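Structure first, commentary second.
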Amino acid sequence: MSTPRDTAWRTESSVAFVCALVGFGVAAAMIPQTRDFALDDAWIHLSYAKSLRLGDGLSYNPGDYETGFSSPLWVFALSVWPIAGNPVVPVKLLGALLHAATAWMGALVTLELSRRCAEPQQPVPLASLTLLGGVLVAFQPTLVQAATSGMEVPMAAFVLLATTRELLRGRAAWACALGVLSVWARPELLGAILTLGAVMVATHWRARRTDPRVRASVAAVGGALVGLGAWVLYCLVVSGWPWPNAQYVKGAGGGLGGIEYLREEVLMWQPWLVSLSGFVLVALGLRRSLRAKDGGALGIVAAFITTSIAIALTRPLHPGVLFFEARYFAPLAPLPLVVLPLGLCAIRPDSRRWIRWLAVAALLPVAGLSGLQIWQLRDLLVEHTEDTRVLHTAVAHWLRDNLPADAVVAVEGAGAHRFVLPRTARVVDLVGLNDVEAAHAHFDRTQKLCVFVRHAPTHLVVPADWTPQFSPPFAVRPIASFEDPHYSQVRPARPAAVVVLEIGGVAPQWAARCES
């Protein structure tokens, strides 16, 4: 015989599953009309995953171990996913499934928070709040955009929410394991876990002996630190440096300029904030949680704020650069949304009817903005994928069909070329993301050019405006050109072109300079 508790559990679980279905449907709707990934970086992760599948380990070229990826968990996931042949649609479906899992987990985190805010004299509609939290996460515009981008964002968002849930439930072992995975999914998530854990420990410290959430908070933070330590150790062993190559190529953070980027390119795509009514509901939900003497909502909101600011201050960000840099913030987007439904709990059942209806009406601007922004970001996603197809993937297929199988190709976009070209060809990353020597010579032009001279490339694939800097050391001859009349990765959009150059030899003075 089922009990009311069993019936409630089944209802809430069914509601969370409905949120997952909604999340998958919204994400899958972004797949049509996109023939590639939003960034060539997606192909970089696929290249390492391909090496792993073929028994070459985490190498870029076969046997060439590099730290050219920022999400080892995403590489491992891709390595067991069907990526043979054309991986675009399978990887997009994986992203849609992970977005569905994120919506599901968002619903469950909302449920945990709502349960702790319930009072005997003021019950709350748990199923309705669970549904609202999951649907808000499912329709979060930047998460929907990133779901089928080929990047690790949906995985990182899911693991962060899963860590949050286990922390709120007081399950230390799961919180620790998920803390490790969070940092492996996206290293910036360390800041979110540290903040959430610190707030929870501070809130419940007096009851630490009886409150399992304190142990779970410590476990989550410890797991995140262990994950970071393991990642640093791996980088040291492989490259001799503690961070991936990208850290040294992209340079130091932008400082206060990053805050401007946060305002212009990140916060404007948060409907709960832009609508103002959503902001009020988040504030009311936070107040309700604090009245219940629970630090969960405060920790979640604090994690969103502090981690967003930390990323803005420490990452090199450039106004006008769109998804390429905005994606760093995207895994944090669901955090305020799981707190927002608590704002409806602040309206007492005995309040006047118009007050209750006003609270529900406050959701309408959030819903309207979400739909409008998803439509805008879908158009941008289509344009971004076309940029990647024209300037990277189409070029890679041309190289495969027209160059010798043993060519040494130096490229500016190092993802699609390495994935598409035969394993016998060698790809040299001109930026340095997949070449530790070039990464640490990035800000010394002469030294970096000498790195490429020693690689002895037979061909160059570079943006058209890069050609002059390679003509002094190399004798080059253009053999193909690819043009994108509307490069949309930056604002305002502009024409862009990539040229394929055949190298006839190295200038004698450069050969002597690099030899010395």
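Following the order of the structure tokens, chains are lettered A, B, ..., residues in each are numbered from 1, and ligands are numbered from 1.
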
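Counting only C-alpha atoms, range 70-78 of chain A has the following residues at most 6 Å away, ignoring those fewer than 6 positions along the same chain: His45, Ala49, Glu152, Trp184, Ala185 and Arg186 of chain A.
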
Mind dumping the selected residues with N, CA and C atoms as a JSON list (two decimals), in the first residue's frame?
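Wrote it out as out-v3.json, contents follow:
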[["chain", "number", "residue", "atom", "x", "y", "z"],
["A", 45, "HIS", "N", 38.61, 19.14, -29.10],
["A", 45, "HIS", "CA", 38.26, 18.10, -28.13],
["A", 45, "HIS", "C", 37.99, 16.77, -28.84],
["A", 49, "ALA", "N", 39.76, 13.07, -28.37],
["A", 49, "ALA", "CA", 38.91, 11.90, -28.16],
["A", 49, "ALA", "C", 39.18, 10.83, -29.21],
["A", 152, "GLU", "N", 31.68, 21.74, -24.02],
["A", 152, "GLU", "CA", 31.42, 21.02, -22.77],
["A", 152, "GLU", "C", 30.39, 21.70, -21.87],
["A", 184, "TRP", "N", 36.93, 18.85, -13.60],
["A", 184, "TRP", "CA", 37.35, 18.24, -14.86],
["A", 184, "TRP", "C", 36.44, 18.62, -16.01],
["A", 185, "ALA", "N", 35.20, 18.99, -15.70],
["A", 185, "ALA", "CA", 34.28, 19.45, -16.75],
["A", 185, "ALA", "C", 34.60, 20.88, -17.16],
["A", 186, "ARG", "N", 34.91, 21.73, -16.20],
["A", 186, "ARG", "CA", 35.25, 23.12, -16.48],
["A", 186, "ARG", "C", 35.96, 23.68, -15.24]]

DSSP-assigned helix (DSSP H, G or I) among range 330-486 of chain A, expressed as a ChimeraX atom specification | /A:330-332,334-339,342-345,353-361,363-402,416-420,436-439,445-455,464-470

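Contact shell of Leu194 in chain A at 10 Å (only C-alpha atoms; same-chain neighbours under 3 positions omitted): Gly179, Leu189, Leu190, Gly191, Gly197, Ala198, Val199, Ser217, Val218, Ala220, Val221, Gly222, Ala224, Leu225, Gly299, Ala303, Thr306 and Thr307 of chain A.
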
Using only C-alpha atoms, which residues sit within 7 Å of range 226-229 of chain A once same-chain residues fewer than 2 positions away are excluded, as a ChimeraX atom specification?
-> /A:180-181,183-184,222-224,231-233

Restricting it to N, CA and C atoms, dump the selection as a short mmCIF file (atom, residue, chain, number, x, y, z; two decimals), in the first residue's frame.
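File produced: result-v3.cif:
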data_model
loop_
_atom_site.label_atom_id
_atom_site.label_comp_id
_atom_site.auth_asym_id
_atom_site.auth_seq_id
_atom_site.Cartn_x
_atom_site.Cartn_y
_atom_site.Cartn_z
N VAL A 180 35.03 16.50 -7.89
CA VAL A 180 36.15 16.17 -8.80
C VAL A 180 35.73 16.35 -10.25
N LEU A 181 34.59 15.78 -10.60
CA LEU A 181 34.12 15.82 -11.99
C LEU A 181 33.81 17.25 -12.43
N VAL A 183 35.36 20.06 -11.69
CA VAL A 183 36.58 20.75 -12.12
C VAL A 183 37.10 20.15 -13.42
N TRP A 184 36.93 18.85 -13.60
CA TRP A 184 37.35 18.24 -14.86
C TRP A 184 36.44 18.62 -16.01
N GLY A 222 36.68 19.56 -0.98
CA GLY A 222 37.86 18.70 -1.05
C GLY A 222 37.96 17.98 -2.37
N GLY A 223 36.82 17.47 -2.88
CA GLY A 223 36.84 16.80 -4.17
C GLY A 223 37.25 17.73 -5.30
N ALA A 224 36.73 18.97 -5.26
CA ALA A 224 37.09 19.94 -6.30
C ALA A 224 38.59 20.24 -6.27
N TRP A 231 44.54 17.44 -12.18
CA TRP A 231 44.67 18.08 -13.50
C TRP A 231 46.00 18.81 -13.61
N VAL A 232 46.40 19.52 -12.55
CA VAL A 232 47.69 20.22 -12.55
C VAL A 232 48.83 19.21 -12.67
N LEU A 233 48.73 18.12 -11.92
CA LEU A 233 49.78 17.09 -11.97
C LEU A 233 49.90 16.51 -13.37
#

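Around Asp56 in chain A, within 12 Å and counting only C-alpha atoms, the residues found are Ser47, Tyr48, Ala49, Lys50, Ser51, Asn61, Pro62, Gly63, Asp64, Tyr65, Glu66, Ser79 and Arg423 of chain A, once anything fewer than 5 positions away on its own chain is removed.
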
Produce a file of the selected residues containing C-alpha atoms, as a compact mmCIF listing (two decimals), in the first residue's frame.
# COMPACT_ATOMS: atom_id res chain seq x y z
CA SER A 47 40.68 15.23 -32.02
CA TYR A 48 41.91 14.21 -28.57
CA ALA A 49 38.91 11.90 -28.16
CA LYS A 50 39.72 10.30 -31.51
CA SER A 51 43.33 9.71 -30.44
CA ASN A 61 49.10 14.17 -33.40
CA PRO A 62 49.59 10.42 -32.87
CA GLY A 63 51.98 10.00 -29.94
CA ASP A 64 52.28 13.77 -29.53
CA TYR A 65 50.96 14.37 -26.01
CA GLU A 66 49.77 17.94 -25.48
CA SER A 79 35.85 9.08 -26.66
CA ARG A 423 46.82 10.19 -39.12

Residue contacts of range 264-270 of chain A (8 Å, only C-alpha atoms) excluding same-chain residues fewer than 4 positions away, as a compact mmCIF listing (two decimals) with C-alpha atoms, in the first residue's frame:
# COMPACT_ATOMS: atom_id res chain seq x y z
CA GLN A 140 17.70 29.45 -20.23
CA PRO A 141 18.91 31.08 -23.49
CA THR A 142 22.69 30.70 -23.15
CA GLU A 260 32.28 45.46 -18.64
CA VAL A 274 16.91 41.74 -17.40
CA PRO A 319 34.23 43.38 -26.00
CA GLY A 320 32.50 42.28 -29.18
CA LEU A 322 30.56 36.56 -28.59
CA ALA A 326 30.80 34.11 -23.19
CA PHE A 329 30.10 31.89 -17.86
CA ALA A 333 23.49 30.26 -15.73
CA GLN A 373 16.48 35.58 -26.58

Could you please determine the separation between CA of Pro336 in chain A and CA of Arg491 in chain A in Å, to one decimal place?
-> 27.6 Å

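Between CA of Glu188 in chain A and CA of Ser308 in chain A the separation is 9.1 Å.
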
Pull the closest atom pair for each residue of range 172-290 of chain A that gets at most 12 Å from range 429-435 of chain A, along with the distance in Å to one decimal, counting only C-alpha atoms, ordering rows by chain and then ascending residue number, as JSON lines.
{"residue": "A:Val238", "atom": "CA", "partner": "A:Asp435", "partner_atom": "CA", "distance": 11.5}
{"residue": "A:Ser239", "atom": "CA", "partner": "A:Asp435", "partner_atom": "CA", "distance": 9.3}
{"residue": "A:Trp243", "atom": "CA", "partner": "A:Leu433", "partner_atom": "CA", "distance": 11.5}
{"residue": "A:Pro244", "atom": "CA", "partner": "A:Leu433", "partner_atom": "CA", "distance": 8.1}
{"residue": "A:Asn245", "atom": "CA", "partner": "A:Leu433", "partner_atom": "CA", "distance": 5.2}
{"residue": "A:Ala246", "atom": "CA", "partner": "A:Leu433", "partner_atom": "CA", "distance": 5.2}
{"residue": "A:Gln247", "atom": "CA", "partner": "A:Leu433", "partner_atom": "CA", "distance": 8.8}
{"residue": "A:Tyr248", "atom": "CA", "partner": "A:Leu433", "partner_atom": "CA", "distance": 8.7}
{"residue": "A:Val249", "atom": "CA", "partner": "A:Gly432", "partner_atom": "CA", "distance": 6.6}
{"residue": "A:Lys250", "atom": "CA", "partner": "A:Leu433", "partner_atom": "CA", "distance": 9.2}

What gap, in Å, lies between CA of Val476 in chain A and CA of Phe443 in chain A?
-> 23.6 Å

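The closest residue to Ala367 in chain A, picked from A:Leu286, A:Val159, A:Ala416, A:Leu273 and counting only C-alpha atoms, is A:Leu273.
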
Counting only C-alpha atoms, figure out which residue out of A:Pro125, A:Gly251, A:Gly285, A:Pro422 gets nearest to Ala441 in chain A.
-> A:Gly251

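Counting only C-alpha atoms and comparing A:Ala216, A:Leu501, A:Leu236, A:Val339, the residue that lies closest to Leu136 in chain A is A:Val339.
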
Among listed residues A:Leu161, A:Val15, A:Val461, A:Ala493, nearest Pro478 in chain A (using only C-alpha atoms) = A:Val461
